[in-house]
Each structure stands twice: as structure tokens, then as C-alpha cells.
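Down below is the structure, laid out as C-alpha cells.
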Amino acid sequence: IGLMTGRNNTNQVTASVEAAQAFLSRVYLYMENWQASEQYASQVLQNSRFSLVSREKYQMMYIDPAQRTGSRSPEVIWQFNLSEVSNGYINILFSEPNLFKVSPSGKLLDLYEDEDIRSGMFASNLSGSQVYTLKYALHPGIGSTNWPVNYKVFRLAEIYLNRAEARWHLRNYTGAEQDLRV
């Protein structure tokens, strides 16, 4: 944080103070240092540069090819852009309809209610035996050379969840509930 303070890292591809704070929030959450996790999450959440995307823009946060030219989702704190001209192995691993290797479990899929936008972010392979995510999929109308390769490292939604969990462990149940409601 000290090395990045005062630098104008305003895009979501370059590491920033907020990316470091988000990372520390996650690390301290894993370490069960609830106070530090809440502190760093709160610092990120106080930054007005970031905001949650609407339901209507959720899928575009992942697939919008304009991300290659600097148009970024306001929810993304830090993402990797690994290639400017083609898809990457991670896209194939998760989202290529014929070659994907990672499938969500039935238990996970059952957690999504029908009206949850995330429930529509999955598709079945040709035989219908496995499901893959559409987060990094090539969508109709987007050429393969413009397939966004932008893996989200930190999104604002995760930071709310980090803080909610930290607050719950600190017995701040009202604050945890408020974060979950957001």
C-alpha cells in the first residue's frame, strides 16, 4: 500500500491501493483476523470509484469486449487482462462448450433461485451430462479474436462478503446483515 499510495492507478488492470486493501481483506479473512479483514474491506468500500453492477449488467461485466479498450465495470477492483487479441486457456478450461474441464456441482447449482441472475450463467454440454459457466464463454456476436480475457481477481461484491463474514465473527450481526443485504 505504501508503494502505491499517491500513484494514479485508476484502471482495474494495474494494481492499486484498493487492490492491495482488497487482497489484505481476503488474507486476513483466511487468517481469521476478523478486525483486520473488516478494516481493509471497509477501506475499499469507502472508495466511491467502485459500485455494484445492476442485475442487467452482471453478465456484461464478464463478457463485454469493450473491456479491452479501457471500458471497465465499476464493480471490478482488479482484473487480469492476459491477452489483447485472443482467448486463453482459462477461458477454455471453464467455458469452452466442447473442451471445458471444470463443472459446478449439483449442490452449487441447487443453491441458486430461479430469479438469481447467476442461475442463468451456466449451460450444458451437447450431451447434457455436464454444465459449464458462461462467465468466460464466447458469446454470440463476439468474434473469437475479441473474446475478453479478463479474469476478475477482486470485485466489490466479494469485499462486502469479506466484511460481512468478519463482522459476523466479531458479533456485529447487524453490520453483517447490512452488508449481505447490499
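To be explicit about the labels: the chains of the C-alpha cells are called A, B, and onward in the order shown, and within each one the residues are counted from 1, while ligands get numbers from 1 in the order they are shown.
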Find the residues near Ser119 of chain A: any atom within 12 Å, counting only C-alpha atoms, skip ones fewer than 6 places away on the same chain, and give them as a PDB file with all heavy atoms, in the first residue's frame.
```
ATOM      1  N   ARG A  55     -28.346  -5.875 -11.993  1.00  0.00           N
ATOM      2  CA  ARG A  55     -28.685  -7.212 -12.480  1.00  0.00           C
ATOM      3  C   ARG A  55     -28.542  -7.265 -13.999  1.00  0.00           C
ATOM      4  O   ARG A  55     -28.037  -8.233 -14.556  1.00  0.00           O
ATOM      5  CB  ARG A  55     -30.111  -7.536 -12.046  1.00  0.00           C
ATOM      6  CG  ARG A  55     -30.674  -8.808 -12.596  1.00  0.00           C
ATOM      7  CD  ARG A  55     -32.130  -8.984 -12.150  1.00  0.00           C
ATOM      8  NE  ARG A  55     -32.742 -10.122 -12.765  1.00  0.00           N
ATOM      9  CZ  ARG A  55     -32.596 -11.375 -12.354  1.00  0.00           C
ATOM     10  NH1 ARG A  55     -31.854 -11.627 -11.304  1.00  0.00           N
ATOM     11  NH2 ARG A  55     -33.184 -12.360 -12.978  1.00  0.00           N
ATOM     12  N   TYR A  58     -24.808  -7.513 -15.086  1.00  0.00           N
ATOM     13  CA  TYR A  58     -23.963  -8.515 -14.437  1.00  0.00           C
ATOM     14  C   TYR A  58     -23.179  -9.355 -15.449  1.00  0.00           C
ATOM     15  O   TYR A  58     -21.962  -9.480 -15.366  1.00  0.00           O
ATOM     16  CB  TYR A  58     -24.808  -9.417 -13.530  1.00  0.00           C
ATOM     17  CG  TYR A  58     -24.002 -10.468 -12.813  1.00  0.00           C
ATOM     18  CD1 TYR A  58     -23.232 -10.139 -11.704  1.00  0.00           C
ATOM     19  CD2 TYR A  58     -23.998 -11.784 -13.254  1.00  0.00           C
ATOM     20  CE1 TYR A  58     -22.478 -11.095 -11.049  1.00  0.00           C
ATOM     21  CE2 TYR A  58     -23.249 -12.746 -12.606  1.00  0.00           C
ATOM     22  CZ  TYR A  58     -22.500 -12.403 -11.505  1.00  0.00           C
ATOM     23  OH  TYR A  58     -21.745 -13.347 -10.864  1.00  0.00           O
ATOM     24  N   GLN A  59     -23.871  -9.940 -16.421  1.00  0.00           N
ATOM     25  CA  GLN A  59     -23.186 -10.797 -17.382  1.00  0.00           C
ATOM     26  C   GLN A  59     -22.190 -10.002 -18.226  1.00  0.00           C
ATOM     27  O   GLN A  59     -21.096 -10.487 -18.514  1.00  0.00           O
ATOM     28  CB  GLN A  59     -24.184 -11.508 -18.280  1.00  0.00           C
ATOM     29  CG  GLN A  59     -23.537 -12.589 -19.126  1.00  0.00           C
ATOM     30  CD  GLN A  59     -24.547 -13.409 -19.896  1.00  0.00           C
ATOM     31  OE1 GLN A  59     -25.602 -12.905 -20.267  1.00  0.00           O
ATOM     32  NE2 GLN A  59     -24.232 -14.661 -20.150  1.00  0.00           N
ATOM     33  N   PRO A 104     -19.542 -26.945 -12.272  1.00  0.00           N
ATOM     34  CA  PRO A 104     -20.074 -26.713 -10.922  1.00  0.00           C
ATOM     35  C   PRO A 104     -20.804 -27.965 -10.442  1.00  0.00           C
ATOM     36  O   PRO A 104     -21.354 -28.722 -11.241  1.00  0.00           O
ATOM     37  CB  PRO A 104     -21.031 -25.547 -11.116  1.00  0.00           C
ATOM     38  CG  PRO A 104     -21.440 -25.636 -12.546  1.00  0.00           C
ATOM     39  CD  PRO A 104     -20.265 -26.198 -13.284  1.00  0.00           C
ATOM     40  N   GLY A 106     -23.764 -30.127  -8.577  1.00  0.00           N
ATOM     41  CA  GLY A 106     -25.218 -30.011  -8.485  1.00  0.00           C
ATOM     42  C   GLY A 106     -25.634 -29.273  -7.229  1.00  0.00           C
ATOM     43  O   GLY A 106     -26.604 -28.512  -7.237  1.00  0.00           O
ATOM     44  N   LEU A 108     -24.060 -26.805  -5.773  1.00  0.00           N
ATOM     45  CA  LEU A 108     -23.925 -25.367  -6.016  1.00  0.00           C
ATOM     46  C   LEU A 108     -25.079 -24.868  -6.869  1.00  0.00           C
ATOM     47  O   LEU A 108     -25.717 -23.863  -6.548  1.00  0.00           O
ATOM     48  CB  LEU A 108     -22.602 -25.044  -6.697  1.00  0.00           C
ATOM     49  CG  LEU A 108     -22.437 -23.583  -7.134  1.00  0.00           C
ATOM     50  CD1 LEU A 108     -22.383 -22.650  -5.929  1.00  0.00           C
ATOM     51  CD2 LEU A 108     -21.219 -23.402  -8.004  1.00  0.00           C
ATOM     52  N   LEU A 109     -25.358 -25.554  -7.948  1.00  0.00           N
ATOM     53  CA  LEU A 109     -26.432 -25.115  -8.844  1.00  0.00           C
ATOM     54  C   LEU A 109     -27.775 -25.063  -8.126  1.00  0.00           C
ATOM     55  O   LEU A 109     -28.592 -24.182  -8.402  1.00  0.00           O
ATOM     56  CB  LEU A 109     -26.505 -26.030 -10.065  1.00  0.00           C
ATOM     57  CG  LEU A 109     -25.277 -25.995 -10.988  1.00  0.00           C
ATOM     58  CD1 LEU A 109     -25.385 -27.064 -12.054  1.00  0.00           C
ATOM     59  CD2 LEU A 109     -25.081 -24.626 -11.592  1.00  0.00           C
ATOM     60  N   ASP A 110     -28.009 -25.983  -7.208  1.00  0.00           N
ATOM     61  CA  ASP A 110     -29.269 -26.000  -6.462  1.00  0.00           C
ATOM     62  C   ASP A 110     -29.420 -24.813  -5.516  1.00  0.00           C
ATOM     63  O   ASP A 110     -30.535 -24.479  -5.114  1.00  0.00           O
ATOM     64  CB  ASP A 110     -29.400 -27.300  -5.660  1.00  0.00           C
ATOM     65  CG  ASP A 110     -29.638 -28.513  -6.547  1.00  0.00           C
ATOM     66  OD1 ASP A 110     -30.012 -28.326  -7.729  1.00  0.00           O
ATOM     67  OD2 ASP A 110     -29.435 -29.640  -6.062  1.00  0.00           O
ATOM     68  N   LEU A 111     -28.314 -24.162  -5.177  1.00  0.00           N
ATOM     69  CA  LEU A 111     -28.377 -23.007  -4.280  1.00  0.00           C
ATOM     70  C   LEU A 111     -28.985 -21.777  -4.949  1.00  0.00           C
ATOM     71  O   LEU A 111     -29.518 -20.901  -4.281  1.00  0.00           O
ATOM     72  CB  LEU A 111     -26.979 -22.644  -3.759  1.00  0.00           C
ATOM     73  CG  LEU A 111     -26.339 -23.635  -2.798  1.00  0.00           C
ATOM     74  CD1 LEU A 111     -24.898 -23.218  -2.504  1.00  0.00           C
ATOM     75  CD2 LEU A 111     -27.138 -23.735  -1.517  1.00  0.00           C
ATOM     76  N   TYR A 112     -28.886 -21.698  -6.269  1.00  0.00           N
ATOM     77  CA  TYR A 112     -29.389 -20.529  -6.984  1.00  0.00           C
ATOM     78  C   TYR A 112     -30.897 -20.611  -7.161  1.00  0.00           C
ATOM     79  O   TYR A 112     -31.419 -21.589  -7.679  1.00  0.00           O
ATOM     80  CB  TYR A 112     -28.734 -20.394  -8.364  1.00  0.00           C
ATOM     81  CG  TYR A 112     -27.247 -20.163  -8.318  1.00  0.00           C
ATOM     82  CD1 TYR A 112     -26.365 -21.080  -8.868  1.00  0.00           C
ATOM     83  CD2 TYR A 112     -26.724 -19.021  -7.727  1.00  0.00           C
ATOM     84  CE1 TYR A 112     -24.998 -20.867  -8.838  1.00  0.00           C
ATOM     85  CE2 TYR A 112     -25.358 -18.799  -7.685  1.00  0.00           C
ATOM     86  CZ  TYR A 112     -24.501 -19.720  -8.241  1.00  0.00           C
ATOM     87  OH  TYR A 112     -23.157 -19.507  -8.204  1.00  0.00           O
ATOM     88  N   GLU A 113     -31.575 -19.559  -6.758  1.00  0.00           N
ATOM     89  CA  GLU A 113     -33.015 -19.478  -7.003  1.00  0.00           C
ATOM     90  C   GLU A 113     -33.226 -19.081  -8.459  1.00  0.00           C
ATOM     91  O   GLU A 113     -32.346 -18.501  -9.092  1.00  0.00           O
ATOM     92  CB  GLU A 113     -33.634 -18.443  -6.062  1.00  0.00           C
ATOM     93  CG  GLU A 113     -33.507 -18.834  -4.603  1.00  0.00           C
ATOM     94  CD  GLU A 113     -33.990 -17.753  -3.642  1.00  0.00           C
ATOM     95  OE1 GLU A 113     -34.431 -16.682  -4.105  1.00  0.00           O
ATOM     96  OE2 GLU A 113     -33.919 -17.994  -2.429  1.00  0.00           O
ATOM     97  N   VAL A 131     -22.261 -29.360 -16.959  1.00  0.00           N
ATOM     98  CA  VAL A 131     -22.594 -27.937 -17.019  1.00  0.00           C
ATOM     99  C   VAL A 131     -21.297 -27.135 -16.950  1.00  0.00           C
ATOM    100  O   VAL A 131     -20.361 -27.507 -16.241  1.00  0.00           O
ATOM    101  CB  VAL A 131     -23.525 -27.566 -15.839  1.00  0.00           C
ATOM    102  CG1 VAL A 131     -23.787 -26.078 -15.787  1.00  0.00           C
ATOM    103  CG2 VAL A 131     -24.825 -28.341 -15.940  1.00  0.00           C
ATOM    104  N   TYR A 132     -21.241 -26.050 -17.696  1.00  0.00           N
ATOM    105  CA  TYR A 132     -20.090 -25.155 -17.644  1.00  0.00           C
ATOM    106  C   TYR A 132     -20.579 -23.725 -17.428  1.00  0.00           C
ATOM    107  O   TYR A 132     -21.738 -23.405 -17.651  1.00  0.00           O
ATOM    108  CB  TYR A 132     -19.226 -25.263 -18.909  1.00  0.00           C
ATOM    109  CG  TYR A 132     -19.939 -24.919 -20.198  1.00  0.00           C
ATOM    110  CD1 TYR A 132     -19.849 -23.648 -20.742  1.00  0.00           C
ATOM    111  CD2 TYR A 132     -20.692 -25.876 -20.882  1.00  0.00           C
ATOM    112  CE1 TYR A 132     -20.495 -23.323 -21.918  1.00  0.00           C
ATOM    113  CE2 TYR A 132     -21.336 -25.569 -22.057  1.00  0.00           C
ATOM    114  CZ  TYR A 132     -21.239 -24.292 -22.571  1.00  0.00           C
ATOM    115  OH  TYR A 132     -21.881 -23.971 -23.736  1.00  0.00           O
ATOM    116  N   THR A 133     -19.671 -22.861 -16.987  1.00  0.00           N
ATOM    117  CA  THR A 133     -20.033 -21.474 -16.725  1.00  0.00           C
ATOM    118  C   THR A 133     -19.940 -20.643 -17.998  1.00  0.00           C
ATOM    119  O   THR A 133     -19.108 -20.901 -18.863  1.00  0.00           O
ATOM    120  CB  THR A 133     -19.143 -20.854 -15.635  1.00  0.00           C
ATOM    121  OG1 THR A 133     -19.561 -19.496 -15.414  1.00  0.00           O
ATOM    122  CG2 THR A 133     -17.673 -20.838 -16.016  1.00  0.00           C
ATOM    123  N   LEU A 134     -20.800 -19.651 -18.083  1.00  0.00           N
ATOM    124  CA  LEU A 134     -20.765 -18.720 -19.206  1.00  0.00           C
ATOM    125  C   LEU A 134     -19.986 -17.451 -18.878  1.00  0.00           C
ATOM    126  O   LEU A 134     -19.895 -16.555 -19.713  1.00  0.00           O
ATOM    127  CB  LEU A 134     -22.203 -18.354 -19.606  1.00  0.00           C
ATOM    128  CG  LEU A 134     -23.062 -19.515 -20.094  1.00  0.00           C
ATOM    129  CD1 LEU A 134     -24.505 -19.063 -20.305  1.00  0.00           C
ATOM    130  CD2 LEU A 134     -22.484 -20.116 -21.366  1.00  0.00           C
ATOM    131  N   LYS A 135     -19.418 -17.368 -17.676  1.00  0.00           N
ATOM    132  CA  LYS A 135     -18.699 -16.148 -17.292  1.00  0.00           C
ATOM    133  C   LYS A 135     -17.613 -15.788 -18.286  1.00  0.00           C
ATOM    134  O   LYS A 135     -17.408 -14.627 -18.594  1.00  0.00           O
ATOM    135  CB  LYS A 135     -18.070 -16.300 -15.905  1.00  0.00           C
ATOM    136  CG  LYS A 135     -18.997 -16.038 -14.777  1.00  0.00           C
ATOM    137  CD  LYS A 135     -18.245 -16.063 -13.469  1.00  0.00           C
ATOM    138  CE  LYS A 135     -19.138 -15.734 -12.317  1.00  0.00           C
ATOM    139  NZ  LYS A 135     -18.412 -15.772 -11.049  1.00  0.00           N
TER     140      LYS A 135
END
```
Problem - Test item: residues at most 9 Å from Glu18 of chain A, only C-alpha atoms, excluding those fewer than 5 positions along its chain, as a count of residues only - result: 8
Non-local contacts of segment 170-173 of chain A (12 Å; only C-alpha atoms; under 2 positions in same chain excluded) as a compact mmCIF listing (two decimals) with N, CA, C and O atoms, in the first residue's frame:
```txt
# COMPACT_ATOMS: atom_id res chain seq x y z
N LEU A 29 -9.02 -12.48 6.31
CA LEU A 29 -10.20 -13.33 6.49
C LEU A 29 -9.75 -14.79 6.62
O LEU A 29 -10.20 -15.51 7.51
N GLU A 32 -8.29 -15.57 9.85
CA GLU A 32 -9.26 -15.38 10.93
C GLU A 32 -8.90 -14.19 11.82
O GLU A 32 -9.22 -14.16 13.00
N ASN A 33 -8.25 -13.20 11.22
CA ASN A 33 -8.01 -11.92 11.89
C ASN A 33 -9.17 -11.02 11.46
O ASN A 33 -9.08 -10.26 10.50
N TRP A 34 -10.28 -11.17 12.15
CA TRP A 34 -11.54 -10.54 11.76
C TRP A 34 -11.46 -9.02 11.76
O TRP A 34 -12.00 -8.37 10.86
N GLN A 35 -10.79 -8.44 12.74
CA GLN A 35 -10.70 -6.97 12.81
C GLN A 35 -9.94 -6.40 11.63
O GLN A 35 -10.37 -5.42 11.03
N ALA A 36 -8.81 -7.02 11.29
CA ALA A 36 -8.03 -6.51 10.15
C ALA A 36 -8.80 -6.72 8.84
O ALA A 36 -8.78 -5.84 7.97
N SER A 37 -9.47 -7.85 8.70
CA SER A 37 -10.25 -8.10 7.50
C SER A 37 -11.35 -7.05 7.35
O SER A 37 -11.54 -6.48 6.26
N GLU A 38 -12.07 -6.77 8.43
CA GLU A 38 -13.11 -5.75 8.39
C GLU A 38 -12.52 -4.38 8.07
O GLU A 38 -13.08 -3.62 7.28
N GLN A 39 -11.39 -4.06 8.68
CA GLN A 39 -10.75 -2.75 8.46
C GLN A 39 -10.41 -2.55 6.98
O GLN A 39 -10.76 -1.51 6.40
N ARG A 163 -16.35 -8.47 4.46
CA ARG A 163 -16.67 -7.67 5.64
C ARG A 163 -17.84 -8.27 6.42
O ARG A 163 -17.83 -8.28 7.65
N ALA A 164 -18.83 -8.80 5.71
CA ALA A 164 -19.95 -9.43 6.40
C ALA A 164 -19.48 -10.60 7.24
O ALA A 164 -19.90 -10.76 8.40
N GLU A 165 -18.61 -11.42 6.69
CA GLU A 165 -18.12 -12.57 7.46
C GLU A 165 -17.29 -12.11 8.65
O GLU A 165 -17.45 -12.64 9.76
N ALA A 166 -16.42 -11.13 8.43
CA ALA A 166 -15.61 -10.61 9.55
C ALA A 166 -16.51 -10.03 10.63
O ALA A 166 -16.31 -10.29 11.83
N ARG A 167 -17.50 -9.26 10.23
CA ARG A 167 -18.42 -8.66 11.21
C ARG A 167 -19.20 -9.74 11.97
O ARG A 167 -19.43 -9.61 13.16
N TRP A 168 -19.60 -10.78 11.29
CA TRP A 168 -20.33 -11.86 11.96
C TRP A 168 -19.46 -12.47 13.06
O TRP A 168 -19.91 -12.67 14.17
N GLY A 175 -24.34 -5.27 11.40
CA GLY A 175 -23.46 -4.85 10.31
C GLY A 175 -23.29 -5.94 9.27
O GLY A 175 -23.28 -5.66 8.07
N ALA A 176 -23.16 -7.19 9.71
CA ALA A 176 -23.04 -8.31 8.78
C ALA A 176 -24.30 -8.43 7.93
O ALA A 176 -24.21 -8.60 6.71
N GLU A 177 -25.46 -8.29 8.57
CA GLU A 177 -26.70 -8.37 7.81
C GLU A 177 -26.83 -7.24 6.81
O GLU A 177 -27.25 -7.44 5.66
N GLN A 178 -26.41 -6.04 7.20
CA GLN A 178 -26.48 -4.90 6.28
C GLN A 178 -25.60 -5.15 5.06
O GLN A 178 -26.00 -4.86 3.92
N ASP A 179 -24.40 -5.67 5.27
CA ASP A 179 -23.52 -5.96 4.13
C ASP A 179 -24.12 -7.02 3.22
O ASP A 179 -24.05 -6.91 1.99
N LEU A 180 -24.71 -8.05 3.79
CA LEU A 180 -25.34 -9.10 2.98
C LEU A 180 -26.51 -8.55 2.17
O LEU A 180 -26.72 -8.94 1.02
```
Exercise for the section: Give the strand (DSSP E or B) residues of segment 11-176 of chain A, as DSSP finds them on the backbone, and put them as a list in words. Expected result: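 Here is the list: Val76, Ile77, Trp78, Gln79, Phe80, Asn81, Phe122, Ala123, Ser124, Val131, Tyr132, Thr133, Asn150, Tyr151, Lys152, Val153, Phe154 and Arg155 of chain A.
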Problem - Which of A:Leu99, A:Val153, A:Leu52, A:Ile117 sits closest to Gln130 of chain A [using only C-alpha atoms] - result: A:Leu99
Problem - d(atom CA of Ser95 of chain A, atom CA of Ala137 of chain A) in Å - result: 4.7 Å
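Remark: for Ser105 of chain A, the closest of the candidate residues A:Lys57, A:Arg49, A:Leu93, A:Phe122 is A:Phe122 (distances computed over only C-alpha atoms).
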Exercise for the section: For Ser73 of chain A, work out the shell of residues within 10 Å, counting only C-alpha atoms and skipping chain neighbours fewer than 6 positions away, then give it as a VMD selection string. Expected result: chain A and resid 12 50 to 53 57 to 58 60 to 62 64 66 to 67 155
Store the residues picked out above in a file with all heavy atoms, as a tab-separated table (two decimals), in the first residue's frame.
```tsv
chain	number	residue	atom	x	y	z
A	12	GLN	N	-8.51	-0.88	-13.76
A	12	GLN	CA	-8.65	-2.07	-12.95
A	12	GLN	C	-7.64	-3.16	-13.31
A	12	GLN	O	-7.67	-4.24	-12.76
A	12	GLN	CB	-10.07	-2.64	-13.06
A	12	GLN	CG	-11.06	-1.84	-12.27
A	12	GLN	CD	-11.74	-0.74	-13.10
A	12	GLN	OE1	-11.17	-0.22	-14.03
A	12	GLN	NE2	-12.95	-0.40	-12.73
A	50	PHE	N	-15.85	2.63	-6.95
A	50	PHE	CA	-16.42	1.32	-7.23
A	50	PHE	C	-17.88	1.27	-6.83
A	50	PHE	O	-18.29	1.87	-5.84
A	50	PHE	CB	-15.64	0.23	-6.48
A	50	PHE	CG	-14.16	0.30	-6.72
A	50	PHE	CD1	-13.31	0.79	-5.74
A	50	PHE	CD2	-13.62	-0.08	-7.93
A	50	PHE	CE1	-11.95	0.88	-5.96
A	50	PHE	CE2	-12.26	0.01	-8.16
A	50	PHE	CZ	-11.42	0.48	-7.18
A	51	SER	N	-18.66	0.54	-7.61
A	51	SER	CA	-20.07	0.33	-7.27
A	51	SER	C	-20.51	-1.01	-7.84
A	51	SER	O	-19.96	-1.50	-8.82
A	51	SER	CB	-20.93	1.46	-7.84
A	51	SER	OG	-20.80	1.51	-9.25
A	52	LEU	N	-21.49	-1.61	-7.20
A	52	LEU	CA	-22.02	-2.88	-7.67
A	52	LEU	C	-22.74	-2.67	-8.99
A	52	LEU	O	-23.37	-1.63	-9.20
A	52	LEU	CB	-22.98	-3.47	-6.64
A	52	LEU	CG	-22.37	-3.85	-5.30
A	52	LEU	CD1	-23.45	-4.26	-4.32
A	52	LEU	CD2	-21.33	-4.95	-5.46
A	53	VAL	N	-22.64	-3.65	-9.87
A	53	VAL	CA	-23.36	-3.54	-11.14
A	53	VAL	C	-24.80	-3.98	-10.94
A	53	VAL	O	-25.12	-4.75	-10.03
A	53	VAL	CB	-22.70	-4.38	-12.26
A	53	VAL	CG1	-21.31	-3.88	-12.57
A	53	VAL	CG2	-22.71	-5.85	-11.94
A	57	LYS	N	-26.60	-5.66	-15.94
A	57	LYS	CA	-25.23	-5.53	-16.44
A	57	LYS	C	-24.28	-6.60	-15.89
A	57	LYS	O	-23.10	-6.60	-16.22
A	57	LYS	CB	-24.69	-4.14	-16.08
A	57	LYS	CG	-25.42	-3.04	-16.80
A	57	LYS	CD	-24.86	-1.69	-16.48
A	57	LYS	CE	-25.62	-0.60	-17.22
A	57	LYS	NZ	-25.11	0.72	-16.94
A	58	TYR	N	-24.81	-7.51	-15.09
A	58	TYR	CA	-23.96	-8.52	-14.44
A	58	TYR	C	-23.18	-9.35	-15.45
A	58	TYR	O	-21.96	-9.48	-15.37
A	58	TYR	CB	-24.81	-9.42	-13.53
A	58	TYR	CG	-24.00	-10.47	-12.81
A	58	TYR	CD1	-23.23	-10.14	-11.70
A	58	TYR	CD2	-24.00	-11.78	-13.25
A	58	TYR	CE1	-22.48	-11.10	-11.05
A	58	TYR	CE2	-23.25	-12.75	-12.61
A	58	TYR	CZ	-22.50	-12.40	-11.50
A	58	TYR	OH	-21.75	-13.35	-10.86
A	60	MET	N	-22.54	-8.78	-18.59
A	60	MET	CA	-21.63	-7.97	-19.40
A	60	MET	C	-20.34	-7.64	-18.66
A	60	MET	O	-19.32	-7.39	-19.28
A	60	MET	CB	-22.32	-6.69	-19.87
A	60	MET	CG	-23.39	-6.94	-20.93
A	60	MET	SD	-22.79	-7.85	-22.37
A	60	MET	CE	-21.79	-6.60	-23.16
A	61	MET	N	-20.38	-7.67	-17.33
A	61	MET	CA	-19.17	-7.42	-16.56
A	61	MET	C	-18.09	-8.44	-16.94
A	61	MET	O	-16.91	-8.16	-16.89
A	61	MET	CB	-19.48	-7.51	-15.06
A	61	MET	CG	-18.27	-7.40	-14.16
A	61	MET	SD	-18.66	-7.28	-12.41
A	61	MET	CE	-19.85	-8.58	-12.15
A	62	TYR	N	-18.51	-9.61	-17.34
A	62	TYR	CA	-17.57	-10.67	-17.70
A	62	TYR	C	-17.28	-10.73	-19.20
A	62	TYR	O	-16.16	-11.06	-19.59
A	62	TYR	CB	-18.11	-12.04	-17.25
A	62	TYR	CG	-18.13	-12.17	-15.77
A	62	TYR	CD1	-19.29	-11.90	-15.04
A	62	TYR	CD2	-16.99	-12.54	-15.08
A	62	TYR	CE1	-19.30	-12.02	-13.65
A	62	TYR	CE2	-16.99	-12.64	-13.69
A	62	TYR	CZ	-18.14	-12.39	-12.99
A	62	TYR	OH	-18.15	-12.47	-11.63
A	64	ASP	N	-18.12	-8.32	-21.85
A	64	ASP	CA	-18.11	-7.13	-22.70
A	64	ASP	C	-16.75	-6.95	-23.37
A	64	ASP	O	-15.74	-6.74	-22.70
A	64	ASP	CB	-18.43	-5.89	-21.86
A	64	ASP	CG	-18.61	-4.65	-22.69
A	64	ASP	OD1	-18.47	-4.71	-23.92
A	64	ASP	OD2	-18.90	-3.59	-22.10
A	66	ALA	N	-15.65	-4.47	-24.86
A	66	ALA	CA	-15.14	-3.11	-24.67
A	66	ALA	C	-14.12	-3.03	-23.55
A	66	ALA	O	-13.38	-2.06	-23.44
A	66	ALA	CB	-16.30	-2.15	-24.41
A	67	GLN	N	-14.06	-4.08	-22.73
A	67	GLN	CA	-13.08	-4.09	-21.64
A	67	GLN	C	-11.66	-4.05	-22.18
A	67	GLN	O	-10.75	-3.62	-21.48
A	67	GLN	CB	-13.27	-5.34	-20.77
A	67	GLN	CG	-14.59	-5.30	-20.03
A	67	GLN	CD	-14.80	-6.53	-19.21
A	67	GLN	OE1	-14.23	-6.64	-18.14
A	67	GLN	NE2	-15.60	-7.45	-19.71
A	155	ARG	N	-13.74	-8.25	-6.92
A	155	ARG	CA	-14.92	-7.48	-7.24
A	155	ARG	C	-15.47	-6.91	-5.95
A	155	ARG	O	-15.28	-7.47	-4.87
A	155	ARG	CB	-15.99	-8.37	-7.89
A	155	ARG	CG	-15.63	-8.87	-9.25
A	155	ARG	CD	-16.69	-9.79	-9.87
A	155	ARG	NE	-18.03	-9.59	-9.37
A	155	ARG	CZ	-18.77	-10.55	-8.80
A	155	ARG	NH1	-18.30	-11.77	-8.65
A	155	ARG	NH2	-20.00	-10.29	-8.40
```
Exercise for the section: Rounded to one decimal place, report the atom CA of Arg181 of chain A-atom CA of Phe154 of chain A distance in Å. Expected result: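 Between these atoms lies a distance of 19.3 Å.
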Problem - Computed interatomic separation between atom CA of Met4 of chain A and atom CA of Asn150 of chain A (Å) - result: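 For atom CA of Met4 of chain A relative to atom CA of Asn150 of chain A, the distance reads 22.1 Å.
Each of A:Ile159, A:Gly120, A:Val27, A:Leu138 was checked against Glu56 of chain A using only C-alpha atoms; the smallest atom-to-atom distance is that of A:Gly120.
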